[in-house]
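**Q** This is the content of entry.csv (CSV, C-alpha atoms):
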```csv
chain,number,residue,atom,x,y,z
A,10,MET,CA,44.2,95.7,-111.2
A,11,ASN,CA,42.2,92.7,-112.1
A,12,ILE,CA,38.4,92.6,-111.8
A,13,ASP,CA,38.4,90.0,-109.1
A,14,ARG,CA,40.3,92.4,-106.7
A,15,LEU,CA,37.7,95.1,-107.5
A,16,LEU,CA,34.8,92.9,-106.6
A,17,SER,CA,36.3,91.3,-103.6
A,18,ASP,CA,37.9,94.2,-101.8
A,19,PRO,CA,37.8,94.1,-97.9
A,20,ALA,CA,35.0,96.6,-97.7
A,21,MET,CA,32.8,94.5,-100.0
A,22,ALA,CA,33.7,91.3,-98.0
A,23,VAL,CA,32.7,93.1,-94.7
A,24,LEU,CA,29.5,94.4,-96.3
A,25,ARG,CA,28.6,90.9,-97.5
A,26,GLN,CA,29.1,89.5,-93.9
A,27,ALA,CA,27.1,92.4,-92.5
A,28,LEU,CA,24.2,91.7,-94.8
A,29,LYS,CA,24.3,88.1,-93.8
A,30,ALA,CA,24.3,89.1,-90.2
A,31,SER,CA,21.4,91.4,-90.7
A,32,ASP,CA,19.5,88.6,-92.6
A,33,THR,CA,20.2,86.1,-89.7
A,34,THR,CA,19.2,88.8,-87.2
A,35,HIS,CA,15.8,89.1,-88.9
A,36,ASP,CA,15.5,85.3,-88.8
A,37,THR,CA,16.1,85.3,-85.1
A,38,ILE,CA,13.7,88.1,-84.4
A,39,ALA,CA,11.0,86.4,-86.5
A,40,HIS,CA,11.7,83.1,-84.7
A,41,ASN,CA,11.5,84.9,-81.3
A,42,LEU,CA,8.2,86.6,-82.3
A,43,ALA,CA,6.8,83.3,-83.5
A,44,ASN,CA,7.6,81.7,-80.1
A,45,VAL,CA,6.3,84.6,-78.0
A,46,GLU,CA,3.7,82.3,-76.5
A,47,THR,CA,5.8,79.1,-76.3
A,48,PRO,CA,6.4,78.0,-72.7
A,49,GLY,CA,10.0,77.6,-71.8
A,50,TYR,CA,11.3,79.2,-75.1
A,51,LYS,CA,14.5,81.1,-74.8
A,52,SER,CA,15.2,83.9,-77.3
A,53,SER,CA,18.0,83.9,-79.8
A,54,GLU,CA,20.3,86.7,-80.7
A,55,VAL,CA,23.0,87.4,-83.3
A,56,ILE,CA,26.4,88.6,-82.3
A,57,PHE,CA,28.3,90.3,-85.1
A,58,LYS,CA,29.0,94.0,-84.3
A,59,ASP,CA,31.1,93.1,-81.2
A,60,LYS,CA,33.1,90.5,-83.1
A,61,LEU,CA,33.8,92.9,-85.9
A,62,ALA,CA,34.7,95.7,-83.5
A,63,SER,CA,37.2,93.5,-81.6
A,64,ALA,CA,38.7,92.3,-84.9
A,65,LEU,CA,39.1,95.9,-86.0
A,66,HIS,CA,40.6,96.8,-82.7
A,67,GLU,CA,43.1,94.0,-83.0
A,68,ILE,CA,44.2,95.1,-86.5
A,69,GLN,CA,44.5,98.8,-85.4
A,70,ALA,CA,46.5,97.8,-82.3
A,71,SER,CA,49.2,96.1,-84.5
A,72,PRO,CA,49.2,97.7,-87.9
A,73,ASP,CA,52.7,96.5,-88.9
A,74,ASN,CA,52.2,93.0,-87.8
A,75,LEU,CA,54.9,90.5,-89.0
A,76,ALA,CA,52.9,87.4,-89.9
A,77,GLY,CA,54.2,84.0,-90.7
A,78,ALA,CA,53.5,82.9,-94.3
A,79,ARG,CA,51.3,79.8,-94.7
A,80,THR,CA,52.0,77.6,-97.7
A,81,ASN,CA,49.8,74.8,-96.4
A,82,PRO,CA,46.3,75.2,-94.9
A,83,ALA,CA,47.4,72.8,-92.1
A,84,HIS,CA,50.1,75.2,-90.9
A,85,PHE,CA,49.7,77.1,-87.7
A,86,ALA,CA,48.8,80.8,-88.0
A,87,ILE,CA,51.7,82.9,-86.7
A,88,ASN,CA,50.8,86.4,-85.7
A,89,GLU,CA,48.1,86.6,-88.4
A,90,SER,CA,45.6,89.5,-88.0
A,91,PRO,CA,42.0,88.4,-88.6
A,92,SER,CA,40.6,89.1,-92.0
A,93,LEU,CA,37.6,91.3,-91.6
A,94,GLY,CA,35.7,89.5,-94.3
A,95,ASP,CA,36.0,86.2,-92.3
A,96,ILE,CA,34.1,87.6,-89.3
A,97,LYS,CA,30.9,85.6,-89.3
A,98,PRO,CA,27.7,86.3,-87.4
A,99,ALA,CA,27.2,84.0,-84.4
A,100,VAL,CA,23.8,83.0,-83.1
A,101,VAL,CA,23.4,82.6,-79.3
A,102,VAL,CA,20.5,81.7,-77.1
A,103,ARG,CA,19.9,83.9,-74.1
A,104,ALA,CA,19.3,81.2,-71.5
A,105,GLU,CA,20.0,83.1,-68.3
A,106,THR,CA,16.9,85.2,-68.1
A,107,SER,CA,13.2,84.5,-67.7
A,108,LEU,CA,10.5,87.1,-68.2
A,109,ARG,CA,7.4,85.0,-67.2
A,110,ALA,CA,6.4,82.2,-64.9
A,111,ASP,CA,6.5,79.7,-67.8
A,112,GLY,CA,10.2,80.3,-68.4
A,113,ASN,CA,9.8,82.2,-71.7
A,114,ASN,CA,12.1,85.2,-72.1
A,115,VAL,CA,10.9,86.9,-75.3
A,116,ASP,CA,10.5,90.6,-74.7
A,117,ILE,CA,8.1,91.6,-77.5
A,118,ASP,CA,8.8,95.4,-77.2
A,119,ALA,CA,12.5,94.8,-77.4
A,120,GLU,CA,12.0,92.4,-80.4
A,121,MET,CA,9.8,95.0,-82.3
A,122,THR,CA,12.5,97.7,-81.7
A,123,LYS,CA,15.2,95.4,-82.9
A,124,LEU,CA,13.0,94.6,-85.9
A,125,SER,CA,12.8,98.3,-87.0
A,126,GLN,CA,16.5,98.8,-86.3
A,127,ASN,CA,17.5,95.8,-88.3
A,128,THR,CA,15.3,96.8,-91.3
A,129,ILE,CA,16.9,100.2,-91.4
A,130,LEU,CA,20.4,98.7,-91.0
A,131,TYR,CA,19.7,96.4,-93.9
A,132,GLN,CA,18.6,99.3,-96.0
A,133,ALA,CA,21.8,101.2,-95.1
A,134,LEU,CA,23.9,98.2,-96.0
A,135,THR,CA,22.2,97.7,-99.4
A,136,GLN,CA,22.8,101.4,-100.2
A,137,LEU,CA,26.5,101.0,-99.3
A,138,VAL,CA,26.8,98.0,-101.6
A,139,SER,CA,25.0,99.9,-104.4
A,140,ALA,CA,27.5,102.8,-103.8
A,141,LYS,CA,30.4,100.4,-104.1
A,142,ILE,CA,29.0,99.0,-107.3
A,143,GLY,CA,28.3,102.6,-108.5
A,144,GLN,CA,32.0,103.5,-108.0
A,145,LEU,CA,33.0,100.4,-110.1
A,146,ARG,CA,30.6,101.4,-112.8
A,147,THR,CA,32.0,105.0,-112.9
A,148,ALA,CA,35.5,103.5,-113.2
A,149,ILE,CA,34.4,101.3,-116.0
A,150,GLN,CA,32.6,104.0,-117.9
A,151,GLY,CA,35.3,106.5,-117.3
A,152,ARG,CA,33.1,109.5,-116.5
B,12,MET,CA,19.3,85.9,-98.4
B,13,ASP,CA,16.7,83.3,-98.1
B,14,PHE,CA,13.5,85.4,-97.8
B,15,MET,CA,11.3,82.4,-98.4
B,16,ARG,CA,12.7,80.8,-95.2
B,17,THR,CA,12.4,84.1,-93.3
B,18,MET,CA,8.8,84.5,-94.3
B,19,SER,CA,8.0,80.9,-93.5
B,20,ILE,CA,9.2,81.5,-89.9
B,21,SER,CA,6.7,84.3,-89.4
B,22,GLY,CA,4.1,82.4,-91.5
B,23,SER,CA,4.3,79.4,-89.1
B,24,ALA,CA,3.4,81.8,-86.3
B,25,LEU,CA,0.5,83.2,-88.2
B,26,THR,CA,-0.9,79.6,-88.6
B,27,ALA,CA,-0.2,78.8,-84.9
B,28,GLU,CA,-1.9,82.0,-83.6
B,29,ARG,CA,-4.8,81.3,-85.9
B,30,VAL,CA,-5.3,77.8,-84.5
B,31,ARG,CA,-5.1,79.4,-81.1
B,32,LEU,CA,-7.8,82.0,-82.1
B,33,ASP,CA,-10.0,79.1,-83.3
B,34,VAL,CA,-9.6,77.2,-80.0
B,35,ILE,CA,-10.4,80.4,-78.0
B,36,ALA,CA,-13.5,81.1,-80.2
B,37,ASN,CA,-14.6,77.5,-79.7
B,38,ASN,CA,-14.2,77.8,-75.9
B,39,ILE,CA,-16.3,81.0,-75.9
B,40,ALA,CA,-18.9,79.5,-78.2
B,41,ASN,CA,-19.2,76.5,-75.8
B,42,ALA,CA,-19.1,78.5,-72.6
B,43,ASN,CA,-22.6,77.1,-71.7
B,44,THR,CA,-22.6,73.7,-73.4
B,45,THR,CA,-23.8,71.0,-71.0
B,46,ARG,CA,-24.0,68.1,-73.4
B,47,THR,CA,-21.1,66.7,-75.4
B,48,ALA,CA,-20.5,63.5,-77.3
B,49,GLN,CA,-18.2,62.2,-74.4
B,50,GLY,CA,-21.0,63.0,-72.0
B,51,GLY,CA,-21.0,65.8,-69.4
B,52,PRO,CA,-20.3,69.5,-70.1
B,53,TYR,CA,-17.7,70.9,-72.5
B,54,ARG,CA,-14.2,71.0,-71.3
B,55,ARG,CA,-12.0,74.1,-72.0
B,56,GLN,CA,-9.2,73.5,-74.6
B,57,THR,CA,-5.8,75.0,-74.8
B,58,VAL,CA,-3.2,74.9,-77.6
B,59,LEU,CA,0.4,73.6,-77.0
B,60,PHE,CA,3.2,75.5,-78.9
B,61,ALA,CA,6.7,74.2,-79.5
B,62,PRO,CA,9.6,75.8,-81.4
B,63,ARG,CA,10.3,74.4,-84.9
B,64,GLY,CA,13.9,73.7,-85.7
B,65,GLU,CA,16.6,73.5,-83.1
B,66,GLN,CA,18.2,76.1,-80.8
B,67,VAL,CA,21.9,76.4,-81.7
B,68,GLN,CA,24.1,77.5,-78.8
B,69,TRP,CA,23.1,78.4,-75.3
B,70,MET,CA,24.7,81.6,-74.2
B,71,PHE,CA,25.7,82.2,-70.6
B,72,PRO,CA,27.5,85.3,-69.3
B,73,GLY,CA,31.2,85.3,-70.1
B,74,MET,CA,30.9,82.7,-72.9
B,75,GLU,CA,32.6,83.2,-76.2
B,76,PRO,CA,30.0,83.1,-79.0
B,77,GLN,CA,30.7,80.6,-81.8
B,78,GLY,CA,29.6,80.9,-85.4
B,79,GLY,CA,27.0,78.7,-86.9
B,80,GLU,CA,23.9,78.7,-89.0
B,81,PHE,CA,20.7,79.7,-87.3
B,82,LYS,CA,18.4,76.7,-87.3
B,83,GLY,CA,15.2,78.2,-85.8
B,84,ARG,CA,12.2,77.7,-88.1
B,85,GLY,CA,9.3,79.2,-86.3
B,86,VAL,CA,6.6,77.7,-84.1
B,87,ARG,CA,4.2,74.7,-84.5
B,88,VAL,CA,1.1,73.5,-82.7
B,89,VAL,CA,2.0,70.2,-81.1
B,90,GLY,CA,-1.4,69.5,-79.8
B,91,ILE,CA,-4.7,70.7,-78.3
B,92,ALA,CA,-5.0,69.8,-74.7
B,93,GLN,CA,-8.0,69.8,-72.4
B,94,ASP,CA,-8.1,72.0,-69.3
B,95,THR,CA,-8.4,69.6,-66.3
B,96,SER,CA,-9.6,72.3,-63.9
B,97,PRO,CA,-13.0,71.5,-62.1
B,98,PHE,CA,-16.3,72.4,-63.7
B,99,LYS,CA,-18.5,75.2,-62.4
B,100,ARG,CA,-21.7,74.3,-60.7
B,101,MET,CA,-24.8,76.4,-60.7
B,102,TYR,CA,-28.1,76.0,-58.9
B,103,ASN,CA,-30.8,75.7,-61.6
B,104,PRO,CA,-33.3,72.9,-60.7
B,105,GLY,CA,-35.5,73.5,-63.7
B,106,HIS,CA,-32.6,72.7,-66.1
B,107,PRO,CA,-33.0,69.3,-67.9
B,108,ASP,CA,-29.3,68.5,-67.0
B,109,ALA,CA,-29.6,69.3,-63.3
B,110,ASP,CA,-28.6,66.6,-60.9
B,111,ALA,CA,-30.7,65.3,-58.0
B,112,SER,CA,-29.8,68.2,-55.7
B,113,GLY,CA,-30.8,70.7,-58.5
B,114,TYR,CA,-27.2,71.7,-59.6
B,115,VAL,CA,-26.2,72.0,-63.2
B,116,THR,CA,-22.5,71.3,-64.1
B,117,LEU,CA,-21.2,73.9,-66.5
B,118,PRO,CA,-18.0,74.1,-68.6
B,119,ASN,CA,-14.8,75.2,-66.9
B,120,VAL,CA,-14.6,78.2,-69.4
B,121,ASN,CA,-14.1,81.6,-67.9
B,122,PRO,CA,-15.1,84.2,-70.5
B,123,VAL,CA,-12.7,86.8,-69.0
B,124,THR,CA,-9.7,84.5,-69.4
B,125,GLU,CA,-10.7,83.7,-72.9
B,126,MET,CA,-11.0,87.4,-73.8
B,127,VAL,CA,-7.6,88.1,-72.4
B,128,ASP,CA,-6.1,85.2,-74.4
B,129,LEU,CA,-7.9,86.5,-77.5
B,130,MET,CA,-6.3,89.9,-77.1
B,131,ALA,CA,-2.8,88.3,-76.5
B,132,ALA,CA,-3.3,86.1,-79.6
B,133,THR,CA,-4.3,89.1,-81.7
B,134,ARG,CA,-1.3,91.1,-80.6
B,135,ALA,CA,1.1,88.2,-81.3
B,136,TYR,CA,-0.5,87.8,-84.7
B,137,GLU,CA,0.1,91.5,-85.4
B,138,ALA,CA,3.7,91.3,-84.3
B,139,ASN,CA,4.3,88.5,-86.8
B,140,VAL,CA,2.6,90.4,-89.6
B,141,ALA,CA,5.0,93.3,-88.8
B,142,ALA,CA,7.9,90.9,-89.1
B,143,ILE,CA,6.7,89.7,-92.5
B,144,GLY,CA,6.4,93.4,-93.6
B,145,ALA,CA,10.0,94.0,-92.5
B,146,ALA,CA,11.2,91.0,-94.4
B,147,ARG,CA,9.4,92.1,-97.5
B,148,SER,CA,10.9,95.6,-97.4
B,149,MET,CA,14.4,94.1,-96.9
B,150,ALA,CA,13.9,91.7,-99.8
B,151,GLN,CA,12.9,94.7,-102.0
B,152,ARG,CA,16.0,96.5,-100.9
B,153,ALA,CA,18.2,93.5,-101.7
B,154,LEU,CA,16.7,93.4,-105.2
B,155,GLU,CA,17.6,97.1,-105.7
B,156,ILE,CA,21.3,96.5,-105.0
B,157,GLY,CA,23.3,97.9,-107.9
B,158,LYS,CA,20.5,99.8,-109.5
```
The structure in this file should be written as structure tokens.

**A**
Amino acid sequence: MNIDRLLSDPAMAVLRQALKASDTTHDTIAHNLANVETPGYKSSEVIFKDKLASALHEIQASPDNLAGARTNPAHFAINESPSLGDIKPAVVVRAETSLRADGNNVDIDAEMTKLSQNTILYQALTQLVSAKIGQLRTAIQGR
Amino acid sequence: MDFMRTMSISGSALTAERVRLDVIANNIANANTTRTAQGGPYRRQTVLFAPRGEQVQWMFPGMEPQGGEFKGRGVRVVGIAQDTSPFKRMYNPGHPDADASGYVTLPNVNPVTEMVDLMAATRAYEANVAAIGAARSMAQRALEIGK
């Protein structure tokens, strides 16, 4: 097994995207909090968990999928299951609601709750990455 | 992770809220000012906020979210506007600025409104300080990966 495979296994790729999603989530929360008094501002939100869950579901639904090989990036994907590491966080603007007469829809309590949740999630993710690297270190040191 | 960018988002809000606090303090300080350089009593001022950076994709129910970089960069003060509501008038014939009928025109500043705005600005400031604190603890965790 070469070292590249060890460092780029699917779990690590998903963790990397999850950390990126958590980072972007923090940016959106900070941006929403910054614009809590801006008239007409609509809050932004990151969608990652749902995308990851649906991709996982798709993979589990068809475990022995026969996929067409692609020898050229211009080829069409035939029956290819999504690679979990390619699931990227999406940022959306919640335009359909309005909390105040000035059109702003930042719910400061919801944002503060999301802020705490996201910080804890980020800490959990960094611990998981550390654990993966720890396993690798154990394998290298042989004890 | 770009923590400098994250902190600058919250930092822009701290600046904006501080400008707002300055304007509110100025309104309260001038609640009884009857002489200004432009002539007439002091006119209440309000700050105008606008988002920095652009909004990416507008989400409506049933829409499939697309990927994309988050381009929001906080908030900025686009200007300080004057409140065009009418001035208050108070009967005080002994006042040097009283008109012929004995009324003094006073600023359109309502101290109650200003105090409520002051509290709202303080709370918004605190929320953004909390966001900076969260970003700092996340950055520290990121530095501890692999230790």

**Q** As an exercise, work out the distance from atom CA of Pro97 of chain B to atom CA of Asn113 of chain A in Å and give it to one decimal place.

**A**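 Interatomic distance, atom CA of Pro97 of chain B to atom CA of Asn113 of chain A: 27.0 Å.
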
**Q** Figure out the distance between atom CA of Ala153 of chain B and atom CA of Thr135 of chain A, please, to one decimal in Å.

**A**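 Atom CA of Ala153 of chain B lies 6.2 Å from atom CA of Thr135 of chain A.
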
**Q** Between A:His66, A:Lys51, A:Arg79, A:Arg103, single out the one closest to chain B, counting only C-alpha atoms.

**A**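 The shortest atom-to-atom distance to chain B comes from A:Arg103.
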
**Q** Using 8 Å as the limit and counting all atoms listed in the file, can you tabulate each residue of chain A that touches chain B, with its shortest atom-to-atom distance in Å and the two atoms involved, as a tab-separated table?

**A**
```
residue	atom	partner	partner_atom	distance
A:Lys29	CA	B:Met12	CA	7.1
A:Asp32	CA	B:Met12	CA	6.4
A:Thr33	CA	B:Phe81	CA	6.9
A:His35	CA	B:Ala146	CA	7.4
A:Asp36	CA	B:Thr17	CA	5.6
A:Thr37	CA	B:Gly83	CA	7.2
A:Ile38	CA	B:Ala142	CA	8.0
A:Ala39	CA	B:Ser21	CA	5.6
A:His40	CA	B:Gly85	CA	4.9
A:Asn41	CA	B:Gly85	CA	7.9
A:Leu42	CA	B:Asn139	CA	6.3
A:Ala43	CA	B:Ala24	CA	4.7
A:Asn44	CA	B:Val86	CA	5.7
A:Val45	CA	B:Ala135	CA	7.1
A:Glu46	CA	B:Phe60	CA	7.2
A:Thr47	CA	B:Phe60	CA	5.1
A:Pro48	CA	B:Phe60	CA	7.4
A:Tyr50	CA	B:Pro62	CA	7.4
A:Ser53	CA	B:Gln66	CA	7.9
A:Ile56	CA	B:Pro76	CA	7.4
A:Lys97	CA	B:Gly78	CA	6.2
A:Pro98	CA	B:Gly78	CA	6.1
A:Ala99	CA	B:Gly78	CA	4.0
A:Val100	CA	B:Phe81	CA	6.2
A:Val101	CA	B:Gln68	CA	5.2
A:Val102	CA	B:Trp69	CA	4.6
A:Arg103	CA	B:Met70	CA	5.3
A:Ala104	CA	B:Met70	CA	6.1
A:Glu105	CA	B:Phe71	CA	6.2
A:Met121	CA	B:Ala138	CA	7.4
A:Leu124	CA	B:Ala142	CA	7.1
A:Ser125	CA	B:Ala145	CA	7.5
A:Thr128	CA	B:Ala145	CA	6.1
A:Tyr131	CA	B:Met149	CA	6.5
A:Gln132	CA	B:Arg152	CA	6.2
A:Thr135	CA	B:Ile156	CA	5.8
A:Gln136	CA	B:Ile156	CA	7.0
A:Val138	CA	B:Ile156	CA	6.6
A:Ser139	CA	B:Gly157	CA	4.4
A:Ala140	CA	B:Gly157	CA	7.6
A:Ile142	CA	B:Gly157	CA	5.8
A:Gly143	CA	B:Gly157	CA	6.9
```

**Q** Take the residues that were just selected and, keeping C-alpha atoms, output them as an mmCIF file, in the coordinates of the input.

**A**
```
data_model
loop_
_atom_site.group_PDB
_atom_site.id
_atom_site.type_symbol
_atom_site.label_atom_id
_atom_site.label_comp_id
_atom_site.auth_asym_id
_atom_site.auth_seq_id
_atom_site.Cartn_x
_atom_site.Cartn_y
_atom_site.Cartn_z
ATOM 1 C CA LYS A 29 24.300 88.100 -93.800
ATOM 2 C CA ASP A 32 19.500 88.600 -92.600
ATOM 3 C CA THR A 33 20.200 86.100 -89.700
ATOM 4 C CA HIS A 35 15.800 89.100 -88.900
ATOM 5 C CA ASP A 36 15.500 85.300 -88.800
ATOM 6 C CA THR A 37 16.100 85.300 -85.100
ATOM 7 C CA ILE A 38 13.700 88.100 -84.400
ATOM 8 C CA ALA A 39 11.000 86.400 -86.500
ATOM 9 C CA HIS A 40 11.700 83.100 -84.700
ATOM 10 C CA ASN A 41 11.500 84.900 -81.300
ATOM 11 C CA LEU A 42 8.200 86.600 -82.300
ATOM 12 C CA ALA A 43 6.800 83.300 -83.500
ATOM 13 C CA ASN A 44 7.600 81.700 -80.100
ATOM 14 C CA VAL A 45 6.300 84.600 -78.000
ATOM 15 C CA GLU A 46 3.700 82.300 -76.500
ATOM 16 C CA THR A 47 5.800 79.100 -76.300
ATOM 17 C CA PRO A 48 6.400 78.000 -72.700
ATOM 18 C CA TYR A 50 11.300 79.200 -75.100
ATOM 19 C CA SER A 53 18.000 83.900 -79.800
ATOM 20 C CA ILE A 56 26.400 88.600 -82.300
ATOM 21 C CA LYS A 97 30.900 85.600 -89.300
ATOM 22 C CA PRO A 98 27.700 86.300 -87.400
ATOM 23 C CA ALA A 99 27.200 84.000 -84.400
ATOM 24 C CA VAL A 100 23.800 83.000 -83.100
ATOM 25 C CA VAL A 101 23.400 82.600 -79.300
ATOM 26 C CA VAL A 102 20.500 81.700 -77.100
ATOM 27 C CA ARG A 103 19.900 83.900 -74.100
ATOM 28 C CA ALA A 104 19.300 81.200 -71.500
ATOM 29 C CA GLU A 105 20.000 83.100 -68.300
ATOM 30 C CA MET A 121 9.800 95.000 -82.300
ATOM 31 C CA LEU A 124 13.000 94.600 -85.900
ATOM 32 C CA SER A 125 12.800 98.300 -87.000
ATOM 33 C CA THR A 128 15.300 96.800 -91.300
ATOM 34 C CA TYR A 131 19.700 96.400 -93.900
ATOM 35 C CA GLN A 132 18.600 99.300 -96.000
ATOM 36 C CA THR A 135 22.200 97.700 -99.400
ATOM 37 C CA GLN A 136 22.800 101.400 -100.200
ATOM 38 C CA VAL A 138 26.800 98.000 -101.600
ATOM 39 C CA SER A 139 25.000 99.900 -104.400
ATOM 40 C CA ALA A 140 27.500 102.800 -103.800
ATOM 41 C CA ILE A 142 29.000 99.000 -107.300
ATOM 42 C CA GLY A 143 28.300 102.600 -108.500
#
```

**Q** If you measure from atom CA of Ala109 of chain B to atom CA of Thr124 of chain B, what distance in Å do you get, rounded to one decimal?

**A** 25.8 Å

**Q** Counting all atoms listed in the file, figure out which residue out of A:Pro82, A:Gly49, A:Gly151, A:Gly94 gets nearest to Ser107 of chain A.

**A** A:Gly49

**Q** If we count all atoms listed in the file, what is near Asn119 of chain B at a cut-off of 6 Å, once residues fewer than 3 positions away on the same chain are taken out, given as a list in words?

**A**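 Everything that qualifies: Arg55, Phe98 and Lys99 of chain B.
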
**Q** Quick one: residues within 12 Å of Val123 of chain B, all atoms listed in the file, excluding same-chain residues fewer than 6 positions away - as a ChimeraX atom specification?

**A** /B:35,38-39,42,129-130
